[in-house]
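Okay, upload.cif now, which holds mmCIF, C-alpha atoms; chains and numbers go by the auth columns:
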```cif
data_upload
#
loop_
_atom_site.group_PDB
_atom_site.id
_atom_site.type_symbol
_atom_site.label_atom_id
_atom_site.label_comp_id
_atom_site.label_asym_id
_atom_site.label_seq_id
_atom_site.Cartn_x
_atom_site.Cartn_y
_atom_site.Cartn_z
_atom_site.B_iso_or_equiv
_atom_site.auth_seq_id
_atom_site.auth_asym_id
ATOM 1 C CA MET A 1 -15.587 -14.440 -10.951 0.00 514 A
ATOM 2 C CA THR A 2 -14.389 -10.997 -9.995 0.00 515 A
ATOM 3 C CA THR A 3 -16.832 -8.160 -9.501 0.00 516 A
ATOM 4 C CA THR A 4 -15.953 -4.542 -8.884 0.00 517 A
ATOM 5 C CA ILE A 5 -17.982 -1.940 -7.072 0.00 518 A
ATOM 6 C CA ALA A 6 -17.570 1.750 -6.287 0.00 519 A
ATOM 7 C CA TYR A 7 -16.984 2.747 -2.697 0.00 520 A
ATOM 8 C CA THR A 8 -16.530 6.051 -0.947 0.00 521 A
ATOM 9 C CA PRO A 9 -13.985 5.557 1.855 0.00 522 A
ATOM 10 C CA ALA A 10 -15.825 8.007 4.139 0.00 523 A
ATOM 11 C CA VAL A 11 -17.742 5.174 5.849 0.00 524 A
ATOM 12 C CA GLU A 12 -16.527 4.852 9.421 0.00 525 A
ATOM 13 C CA ASP A 13 -15.322 1.785 11.271 0.00 526 A
ATOM 14 C CA ARG A 14 -17.927 1.376 14.030 0.00 527 A
ATOM 15 C CA THR A 15 -15.604 -0.404 16.441 0.00 528 A
ATOM 16 C CA ALA A 16 -12.783 2.121 16.495 0.00 529 A
ATOM 17 C CA SER A 17 -14.653 5.193 15.181 0.00 530 A
ATOM 18 C CA LEU A 18 -11.841 5.700 12.690 0.00 531 A
ATOM 19 C CA PRO A 19 -12.442 5.709 8.937 0.00 532 A
ATOM 20 C CA LEU A 20 -12.134 2.310 7.304 0.00 533 A
ATOM 21 C CA ARG A 21 -9.197 2.407 4.905 0.00 534 A
ATOM 22 C CA LEU A 22 -10.710 0.734 1.860 0.00 535 A
ATOM 23 C CA VAL A 23 -10.838 1.631 -1.829 0.00 536 A
ATOM 24 C CA LEU A 24 -12.754 -0.421 -4.394 0.00 537 A
ATOM 25 C CA ALA A 25 -12.649 -0.470 -8.174 0.00 538 A
ATOM 26 C CA PRO A 26 -15.429 1.494 -9.910 0.00 539 A
ATOM 27 C CA ALA A 27 -18.761 -0.251 -10.426 0.00 540 A
ATOM 28 C CA GLY A 28 -19.180 -1.804 -13.835 0.00 541 A
ATOM 29 C CA SER A 29 -15.499 -1.796 -14.721 0.00 542 A
ATOM 30 C CA ALA A 30 -14.022 -4.808 -16.486 0.00 543 A
ATOM 31 C CA PRO A 31 -12.852 -7.627 -14.188 0.00 544 A
ATOM 32 C CA ALA A 32 -9.285 -7.124 -13.024 0.00 545 A
ATOM 33 C CA LEU A 33 -6.793 -9.054 -10.907 0.00 546 A
ATOM 34 C CA LEU A 34 -7.770 -6.971 -7.875 0.00 547 A
ATOM 35 C CA ASP A 35 -11.071 -5.432 -6.831 0.00 548 A
ATOM 36 C CA GLY A 36 -9.467 -2.825 -4.619 0.00 549 A
ATOM 37 C CA ALA A 37 -7.280 -2.459 -1.555 0.00 550 A
ATOM 38 C CA TRP A 38 -7.688 -2.624 2.199 0.00 551 A
ATOM 39 C CA TRP A 39 -5.255 -0.993 4.634 0.00 552 A
ATOM 40 C CA PRO A 40 -5.957 -2.532 8.059 0.00 553 A
ATOM 41 C CA ARG A 41 -4.633 -0.875 11.191 0.00 554 A
ATOM 42 C CA SER A 42 -3.213 -4.143 12.577 0.00 555 A
ATOM 43 C CA ARG A 43 -2.489 -7.784 11.739 0.00 556 A
ATOM 44 C CA ASP A 44 -5.277 -8.902 14.096 0.00 557 A
ATOM 45 C CA LEU A 45 -7.805 -10.466 11.719 0.00 558 A
ATOM 46 C CA ALA A 46 -10.397 -10.994 14.456 0.00 559 A
ATOM 47 C CA ALA A 47 -10.320 -7.264 15.243 0.00 560 A
ATOM 48 C CA GLU A 48 -10.095 -5.973 11.658 0.00 561 A
ATOM 49 C CA LEU A 49 -12.507 -8.205 9.720 0.00 562 A
ATOM 50 C CA PRO A 50 -15.762 -7.085 11.445 0.00 563 A
ATOM 51 C CA ALA A 51 -15.326 -3.455 10.347 0.00 564 A
ATOM 52 C CA LEU A 52 -14.552 -4.539 6.788 0.00 565 A
ATOM 53 C CA THR A 53 -17.578 -6.808 6.511 0.00 566 A
ATOM 54 C CA ALA A 54 -19.842 -4.169 8.102 0.00 567 A
ATOM 55 C CA VAL A 55 -19.089 -1.940 5.119 0.00 568 A
ATOM 56 C CA LEU A 56 -19.072 -4.632 2.432 0.00 569 A
ATOM 57 C CA ASP A 57 -22.154 -6.650 3.475 0.00 570 A
ATOM 58 C CA PRO A 58 -24.613 -3.949 2.286 0.00 571 A
ATOM 59 C CA LEU A 59 -22.650 -3.454 -0.943 0.00 572 A
ATOM 60 C CA TRP A 60 -21.832 -7.035 -1.919 0.00 573 A
ATOM 61 C CA GLY A 61 -24.240 -9.148 0.077 0.00 574 A
ATOM 62 C CA ARG A 62 -23.411 -10.984 3.277 0.00 575 A
ATOM 63 C CA ILE A 63 -19.722 -11.917 3.429 0.00 576 A
ATOM 64 C CA THR A 64 -19.666 -15.572 4.467 0.00 577 A
ATOM 65 C CA HIS A 65 -16.037 -16.583 4.107 0.00 578 A
ATOM 66 C CA ALA A 66 -12.570 -15.042 3.868 0.00 579 A
ATOM 67 C CA THR A 67 -9.181 -16.548 3.073 0.00 580 A
ATOM 68 C CA VAL A 68 -5.682 -15.240 3.699 0.00 581 A
ATOM 69 C CA ASN A 69 -2.111 -16.411 3.369 0.00 582 A
ATOM 70 C CA PRO A 70 -0.648 -16.948 6.882 0.00 583 A
ATOM 71 C CA THR A 71 2.658 -15.273 5.957 0.00 584 A
ATOM 72 C CA PHE A 72 1.565 -11.891 7.349 0.00 585 A
ATOM 73 C CA TRP A 73 -1.234 -12.917 9.737 0.00 586 A
ATOM 74 C CA PRO A 74 0.199 -14.250 13.024 0.00 587 A
ATOM 75 C CA VAL A 75 -3.153 -15.665 14.206 0.00 588 A
ATOM 76 C CA ILE A 76 -5.901 -16.875 11.896 0.00 589 A
ATOM 77 C CA PRO A 77 -9.165 -17.546 13.713 0.00 590 A
ATOM 78 C CA ARG A 78 -11.411 -20.201 12.148 0.00 591 A
ATOM 79 C CA LYS A 79 -14.493 -18.027 12.653 0.00 592 A
ATOM 80 C CA VAL A 80 -14.936 -14.310 13.232 0.00 593 A
ATOM 81 C CA PRO A 81 -18.211 -12.992 14.663 0.00 594 A
ATOM 82 C CA VAL A 82 -19.379 -9.957 12.719 0.00 595 A
ATOM 83 C CA ASP A 83 -22.555 -7.875 12.730 0.00 596 A
ATOM 84 C CA GLY A 84 -25.301 -10.505 13.047 0.00 597 A
ATOM 85 C CA HIS A 85 -23.448 -13.489 11.603 0.00 598 A
ATOM 86 C CA VAL A 86 -20.150 -15.374 11.533 0.00 599 A
ATOM 87 C CA VAL A 87 -17.507 -15.253 8.789 0.00 600 A
ATOM 88 C CA GLY A 88 -15.544 -18.441 8.269 0.00 601 A
ATOM 89 C CA VAL A 89 -11.824 -17.864 7.766 0.00 602 A
ATOM 90 C CA GLY A 90 -9.465 -20.159 5.901 0.00 603 A
ATOM 91 C CA TRP A 91 -5.885 -19.940 4.757 0.00 604 A
ATOM 92 C CA PHE A 92 -3.728 -21.129 1.876 0.00 605 A
ATOM 93 C CA LYS A 93 0.052 -20.815 2.045 0.00 606 A
ATOM 94 C CA ALA A 94 1.207 -21.769 -1.464 0.00 607 A
ATOM 95 C CA GLU A 95 -2.037 -21.181 -3.360 0.00 608 A
ATOM 96 C CA GLN A 96 -2.796 -17.613 -2.263 0.00 609 A
ATOM 97 C CA ASP A 97 -0.805 -14.429 -2.748 0.00 610 A
ATOM 98 C CA PRO A 98 0.459 -13.351 0.709 0.00 611 A
ATOM 99 C CA HIS A 99 -0.678 -9.758 0.070 0.00 612 A
ATOM 100 C CA LYS A 100 -4.235 -10.653 -0.876 0.00 613 A
ATOM 101 C CA LEU A 101 -7.490 -11.184 1.012 0.00 614 A
ATOM 102 C CA LEU A 102 -10.246 -13.186 -0.688 0.00 615 A
ATOM 103 C CA LEU A 103 -13.837 -12.488 0.355 0.00 616 A
ATOM 104 C CA PHE A 104 -16.809 -14.658 -0.585 0.00 617 A
ATOM 105 C CA SER A 105 -20.533 -13.900 -0.592 0.00 618 A
ATOM 106 C CA TYR A 106 -23.561 -16.107 -1.227 0.00 619 A
ATOM 107 C CA THR A 107 -25.160 -13.540 -3.495 0.00 620 A
ATOM 108 C CA VAL A 108 -22.482 -12.112 -5.738 0.00 621 A
ATOM 109 C CA GLY A 109 -19.303 -14.174 -5.661 0.00 622 A
ATOM 110 C CA ARG A 110 -15.678 -13.451 -4.823 0.00 623 A
ATOM 111 C CA TRP A 111 -13.569 -10.324 -4.381 0.00 624 A
ATOM 112 C CA ASP A 112 -9.806 -10.048 -4.258 0.00 625 A
ATOM 113 C CA LEU A 113 -8.374 -7.203 -2.192 0.00 626 A
ATOM 114 C CA LEU A 114 -4.765 -6.099 -1.884 0.00 627 A
ATOM 115 C CA VAL A 115 -3.877 -6.006 1.817 0.00 628 A
ATOM 116 C CA ILE A 116 -1.541 -3.102 2.498 0.00 629 A
ATOM 117 C CA PRO A 117 0.660 -3.687 5.572 0.00 630 A
ATOM 118 C CA PRO A 118 -0.446 -1.601 8.574 0.00 631 A
ATOM 119 C CA GLU A 119 3.020 -0.048 8.943 0.00 632 A
ATOM 120 C CA THR A 120 3.001 1.360 5.393 0.00 633 A
ATOM 121 C CA SER A 121 3.446 5.131 5.124 0.00 634 A
ATOM 122 C CA PRO A 122 0.289 7.074 4.213 0.00 635 A
ATOM 123 C CA ALA A 123 1.751 8.265 0.892 0.00 636 A
ATOM 124 C CA THR A 124 2.715 4.747 -0.185 0.00 637 A
ATOM 125 C CA ALA A 125 -0.617 3.337 1.000 0.00 638 A
ATOM 126 C CA ALA A 126 -2.539 5.972 -0.967 0.00 639 A
ATOM 127 C CA ARG A 127 -0.547 5.164 -4.107 0.00 640 A
ATOM 128 C CA LEU A 128 -1.086 1.403 -3.641 0.00 641 A
ATOM 129 C CA MET A 129 -4.813 1.861 -3.013 0.00 642 A
ATOM 130 C CA ALA A 130 -5.221 3.920 -6.179 0.00 643 A
ATOM 131 C CA GLU A 131 -3.273 1.382 -8.263 0.00 644 A
ATOM 132 C CA ALA A 132 -5.183 -1.626 -6.875 0.00 645 A
ATOM 133 C CA ALA A 133 -8.567 0.032 -7.533 0.00 646 A
ATOM 134 C CA ASP A 134 -7.623 0.971 -11.109 0.00 647 A
ATOM 135 C CA PRO A 135 -9.449 -1.465 -13.434 0.00 648 A
ATOM 136 C CA ARG A 136 -6.543 -1.194 -15.890 0.00 649 A
ATOM 137 C CA CYS A 137 -4.062 -2.561 -13.323 0.00 650 A
ATOM 138 C CA THR A 138 -2.485 -5.793 -14.530 0.00 651 A
ATOM 139 C CA LEU A 139 -0.211 -6.400 -11.546 0.00 652 A
ATOM 140 C CA THR A 140 -0.797 -9.002 -8.852 0.00 653 A
ATOM 141 C CA ALA A 141 -0.943 -8.005 -5.191 0.00 654 A
ATOM 142 C CA SER A 142 2.664 -9.126 -4.618 0.00 655 A
ATOM 143 C CA ALA A 143 3.842 -7.352 -7.774 0.00 656 A
ATOM 144 C CA LEU A 144 2.284 -4.096 -6.524 0.00 657 A
ATOM 145 C CA MET A 145 4.000 -4.526 -3.151 0.00 658 A
ATOM 146 C CA ASP A 146 7.342 -5.332 -4.830 0.00 659 A
ATOM 147 C CA GLU A 147 7.023 -2.251 -7.011 0.00 660 A
ATOM 148 C CA ALA A 148 6.274 -0.105 -3.935 0.00 661 A
ATOM 149 C CA GLU A 149 9.334 -1.536 -2.149 0.00 662 A
ATOM 150 C CA GLN A 150 11.582 -0.819 -5.161 0.00 663 A
ATOM 151 C CA ARG A 151 10.235 2.738 -5.271 0.00 664 A
ATOM 152 C CA ARG A 152 10.920 3.154 -1.521 0.00 665 A
ATOM 153 C CA ILE A 153 14.503 1.883 -1.933 0.00 666 A
ATOM 154 C CA ALA A 154 15.105 4.216 -4.885 0.00 667 A
ATOM 155 C CA GLU A 155 13.749 7.203 -2.931 0.00 668 A
ATOM 156 C CA GLU A 156 15.963 6.369 0.066 0.00 669 A
ATOM 157 C CA MET A 157 18.995 6.019 -2.194 0.00 670 A
ATOM 158 C CA GLU A 158 18.250 9.362 -3.846 0.00 671 A
ATOM 159 C CA LEU A 159 17.907 11.070 -0.450 0.00 672 A
ATOM 160 C CA SER A 160 21.171 9.496 0.666 0.00 673 A
ATOM 161 C CA LEU A 161 22.995 10.704 -2.453 0.00 674 A
ATOM 162 C CA VAL A 162 21.619 14.228 -2.048 0.00 675 A
ATOM 163 C CA SER A 163 22.713 14.216 1.597 0.00 676 A
ATOM 164 C CA VAL A 164 26.256 13.154 0.639 0.00 677 A
ATOM 165 C CA TRP A 165 26.383 15.738 -2.141 0.00 678 A
ATOM 166 C CA ASP A 166 25.242 18.462 0.268 0.00 679 A
ATOM 167 C CA SER A 167 27.778 17.395 2.910 0.00 680 A
ATOM 168 C CA GLU A 168 30.570 17.596 0.345 0.00 681 A
ATOM 169 C CA GLY A 169 29.720 21.164 -0.622 0.00 682 A
ATOM 170 C CA GLY A 170 27.126 20.468 -3.293 0.00 683 A
ATOM 171 C CA HIS A 171 23.688 22.029 -3.248 0.00 684 A
ATOM 172 C CA GLY A 172 24.170 24.084 -0.080 0.00 685 A
ATOM 173 C CA ALA A 173 27.623 25.455 -0.983 0.00 686 A
ATOM 174 C CA SER A 174 27.840 29.126 -1.862 0.00 687 A
ATOM 175 C CA LEU A 175 30.246 30.862 -4.206 0.00 688 A
ATOM 176 C CA PRO A 176 32.934 32.997 -2.601 0.00 689 A
ATOM 177 C CA THR A 177 31.986 36.679 -2.586 0.00 690 A
ATOM 178 C CA SER A 178 35.488 38.056 -2.023 0.00 691 A
ATOM 179 C CA ARG A 179 38.963 36.839 -2.882 0.00 692 A
ATOM 180 C CA SER A 180 41.472 35.741 -0.320 0.00 693 A
ATOM 181 C CA PRO A 181 44.802 37.662 -0.301 0.00 694 A
ATOM 182 C CA ALA A 182 46.490 34.718 -2.083 0.00 695 A
ATOM 183 C CA GLN A 183 43.833 34.678 -4.808 0.00 696 A
ATOM 184 C CA ALA A 184 44.193 38.441 -5.276 0.00 697 A
ATOM 185 C CA ALA A 185 47.996 38.144 -5.612 0.00 698 A
ATOM 186 C CA ILE A 186 47.715 35.366 -8.208 0.00 699 A
ATOM 187 C CA ALA A 187 45.236 37.430 -10.196 0.00 700 A
ATOM 188 C CA GLN A 188 47.723 40.323 -10.395 0.00 701 A
ATOM 189 C CA VAL A 189 50.668 38.272 -11.797 0.00 702 A
ATOM 190 C CA PRO A 190 51.088 39.171 -15.493 0.00 703 A
ATOM 191 C CA ASP A 191 50.522 36.383 -17.989 0.00 704 A
ATOM 192 C CA ALA A 192 53.872 35.579 -19.659 0.00 705 A
ATOM 193 C CA THR A 193 52.201 33.911 -22.655 0.00 706 A
ATOM 194 C CA LYS A 194 50.648 37.127 -23.925 0.00 707 A
ATOM 195 C CA GLY A 195 52.524 38.885 -26.667 0.00 708 A
ATOM 196 C CA ALA A 196 55.601 40.763 -25.663 0.00 709 A
#
```
What would the structure in this file look like if it were written as structure tokens?
Amino acid sequence: MTTTIAYTPAVEDRTASLPLRLVLAPAGSAPALLDGAWWPRSRDLAAELPALTAVLDPLWGRITHATVNPTFWPVIPRKVPVDGHVVGVGWFKAEQDPHKLLLFSYTVGRWDLLVIPPETSPATAARLMAEAADPRCTLTASALMDEAEQRRIAEEMELSLVSVWDSEGGHGASLPTSRSPAQAAIAQVPDATKGA
């Protein structure tokens, strides 16, 4: 069961006093593949999970369990102490999308969040967060990340081509304002093909 809920990302991370980077799908929207996106500041699950659950516990009910794919998490603690309770953490290599975090609650159910890599540029992260929170999104977490990578490669290629074009006299080249002596001499030679 997937449930979506509205969230204003202005809530602050109590541990680092930096805003938590989280966007959730609007409340009442149809179930989608993803319920939103989370952009942690590191790949340290023990450090990042408490701030996330501090925000989500009041919205979704106490988060009791989380699962990740170990591909992008170097250390996966079995239990993470959070505000007043402990969250059990599990992992699935083949069964779970490597770019997804699953959260479970006793009261409401399960939520699937896209996990945006900490090193992602702010512009790309903002685009991914908006796409993951859109209830009309039909892409999986990995498909969204693949699409973002293809877009990044295309943008780099375009910048490279523009740079080459500019270096070869393209965009930045200016038209000559005066003729060289050789150009002036050529211009004064009469055209022999005109009627004689």
Next on the checklist: Would you pick out the contacts of range 606-622 of chain A at 9 Å or less, using all atoms listed in the file, so that residues sharing its chain but fewer than 4 positions from it are not included, and give the list as a PyMOL selection string?
Outcome noted: chain A and resi 514-516+547+550-551+570+573-585+626-630+653-655+658
Checklist outcome for this item: One decimal place gives the CA of Arg664 in chain A-CA of Leu533 in chain A separation as 25.7 Å
Checklist entry - Interatomic distance between CA of Ala645 in chain A and CA of Asp548 in chain A? => result 7.0 Å
Item to check | Interatomic distance (Å, one decimal) between CA of Thr651 in chain A and CA of Ala538 in chain A | outcome: 13.1 Å
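The shortest atom-to-atom distance to Pro544 in chain A, with only C-alpha atoms taken into account, belongs to A:Ala646 out of A:Ala646, A:Leu657, A:Val593, A:Ala564.
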Checklist entry - So, counting only C-alpha atoms, which residue among A:Trp624, A:Arg534, A:Arg649, A:Ala639 is closest to Ala661 in chain A? => result A:Ala639
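Here the PyMOL selection byres ((chain A and resi 556-559) around 7) captures the residues A:Ser555, A:Ala560, A:Glu561, A:Leu562, A:Trp586, A:Ile589, A:Pro590, A:Val593.
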Can you take the partial range 581-596 of chain A, add N, CA, C and O atoms, and return it as a PDB file, in the frame of the given file?
```pdb
ATOM      1  N   VAL A 581      -6.923 -16.006   3.672  1.00  0.00           N
ATOM      2  CA  VAL A 581      -5.682 -15.240   3.699  1.00  0.00           C
ATOM      3  C   VAL A 581      -4.514 -16.214   3.541  1.00  0.00           C
ATOM      4  O   VAL A 581      -4.676 -17.425   3.645  1.00  0.00           O
ATOM      5  N   ASN A 582      -3.348 -15.652   3.327  1.00  0.00           N
ATOM      6  CA  ASN A 582      -2.111 -16.411   3.369  1.00  0.00           C
ATOM      7  C   ASN A 582      -1.521 -16.147   4.756  1.00  0.00           C
ATOM      8  O   ASN A 582      -1.432 -14.994   5.171  1.00  0.00           O
ATOM      9  N   PRO A 583      -1.115 -17.161   5.508  1.00  0.00           N
ATOM     10  CA  PRO A 583      -0.648 -16.948   6.882  1.00  0.00           C
ATOM     11  C   PRO A 583       0.699 -16.226   7.011  1.00  0.00           C
ATOM     12  O   PRO A 583       1.112 -15.909   8.125  1.00  0.00           O
ATOM     13  N   THR A 584       1.347 -15.926   5.903  1.00  0.00           N
ATOM     14  CA  THR A 584       2.658 -15.273   5.957  1.00  0.00           C
ATOM     15  C   THR A 584       2.635 -14.002   6.797  1.00  0.00           C
ATOM     16  O   THR A 584       3.556 -13.751   7.564  1.00  0.00           O
ATOM     17  N   PHE A 585       1.606 -13.175   6.656  1.00  0.00           N
ATOM     18  CA  PHE A 585       1.565 -11.891   7.349  1.00  0.00           C
ATOM     19  C   PHE A 585       0.488 -11.803   8.426  1.00  0.00           C
ATOM     20  O   PHE A 585       0.268 -10.744   8.994  1.00  0.00           O
ATOM     21  N   TRP A 586      -0.203 -12.902   8.696  1.00  0.00           N
ATOM     22  CA  TRP A 586      -1.234 -12.917   9.737  1.00  0.00           C
ATOM     23  C   TRP A 586      -0.777 -13.876  10.832  1.00  0.00           C
ATOM     24  O   TRP A 586      -0.819 -15.085  10.656  1.00  0.00           O
ATOM     25  N   PRO A 587      -0.340 -13.377  11.982  1.00  0.00           N
ATOM     26  CA  PRO A 587       0.199 -14.250  13.024  1.00  0.00           C
ATOM     27  C   PRO A 587      -0.824 -15.224  13.606  1.00  0.00           C
ATOM     28  O   PRO A 587      -0.477 -16.334  13.980  1.00  0.00           O
ATOM     29  N   VAL A 588      -2.098 -14.802  13.680  1.00  0.00           N
ATOM     30  CA  VAL A 588      -3.153 -15.665  14.206  1.00  0.00           C
ATOM     31  C   VAL A 588      -4.314 -15.631  13.216  1.00  0.00           C
ATOM     32  O   VAL A 588      -4.764 -14.553  12.825  1.00  0.00           O
ATOM     33  N   ILE A 589      -4.773 -16.804  12.817  1.00  0.00           N
ATOM     34  CA  ILE A 589      -5.901 -16.875  11.896  1.00  0.00           C
ATOM     35  C   ILE A 589      -7.032 -17.631  12.596  1.00  0.00           C
ATOM     36  O   ILE A 589      -6.983 -18.852  12.732  1.00  0.00           O
ATOM     37  N   PRO A 590      -8.046 -16.876  13.063  1.00  0.00           N
ATOM     38  CA  PRO A 590      -9.165 -17.546  13.713  1.00  0.00           C
ATOM     39  C   PRO A 590      -9.987 -18.315  12.682  1.00  0.00           C
ATOM     40  O   PRO A 590     -10.076 -17.920  11.528  1.00  0.00           O
ATOM     41  N   ARG A 591     -10.588 -19.416  13.083  1.00  0.00           N
ATOM     42  CA  ARG A 591     -11.411 -20.201  12.148  1.00  0.00           C
ATOM     43  C   ARG A 591     -12.719 -19.497  11.842  1.00  0.00           C
ATOM     44  O   ARG A 591     -13.252 -19.633  10.753  1.00  0.00           O
ATOM     45  N   LYS A 592     -13.242 -18.759  12.831  1.00  0.00           N
ATOM     46  CA  LYS A 592     -14.493 -18.027  12.653  1.00  0.00           C
ATOM     47  C   LYS A 592     -14.367 -16.670  13.322  1.00  0.00           C
ATOM     48  O   LYS A 592     -13.759 -16.547  14.385  1.00  0.00           O
ATOM     49  N   VAL A 593     -14.946 -15.656  12.675  1.00  0.00           N
ATOM     50  CA  VAL A 593     -14.936 -14.310  13.232  1.00  0.00           C
ATOM     51  C   VAL A 593     -16.380 -13.825  13.332  1.00  0.00           C
ATOM     52  O   VAL A 593     -17.063 -13.722  12.305  1.00  0.00           O
ATOM     53  N   PRO A 594     -16.863 -13.533  14.542  1.00  0.00           N
ATOM     54  CA  PRO A 594     -18.211 -12.992  14.663  1.00  0.00           C
ATOM     55  C   PRO A 594     -18.232 -11.558  14.134  1.00  0.00           C
ATOM     56  O   PRO A 594     -17.379 -10.752  14.467  1.00  0.00           O
ATOM     57  N   VAL A 595     -19.195 -11.303  13.266  1.00  0.00           N
ATOM     58  CA  VAL A 595     -19.379  -9.957  12.719  1.00  0.00           C
ATOM     59  C   VAL A 595     -20.835  -9.557  12.952  1.00  0.00           C
ATOM     60  O   VAL A 595     -21.588 -10.309  13.554  1.00  0.00           O
ATOM     61  N   ASP A 596     -21.225  -8.423  12.487  1.00  0.00           N
ATOM     62  CA  ASP A 596     -22.555  -7.875  12.730  1.00  0.00           C
ATOM     63  C   ASP A 596     -23.665  -8.853  12.334  1.00  0.00           C
ATOM     64  O   ASP A 596     -24.046  -8.935  11.175  1.00  0.00           O
TER      65      ASP A 596
END
```
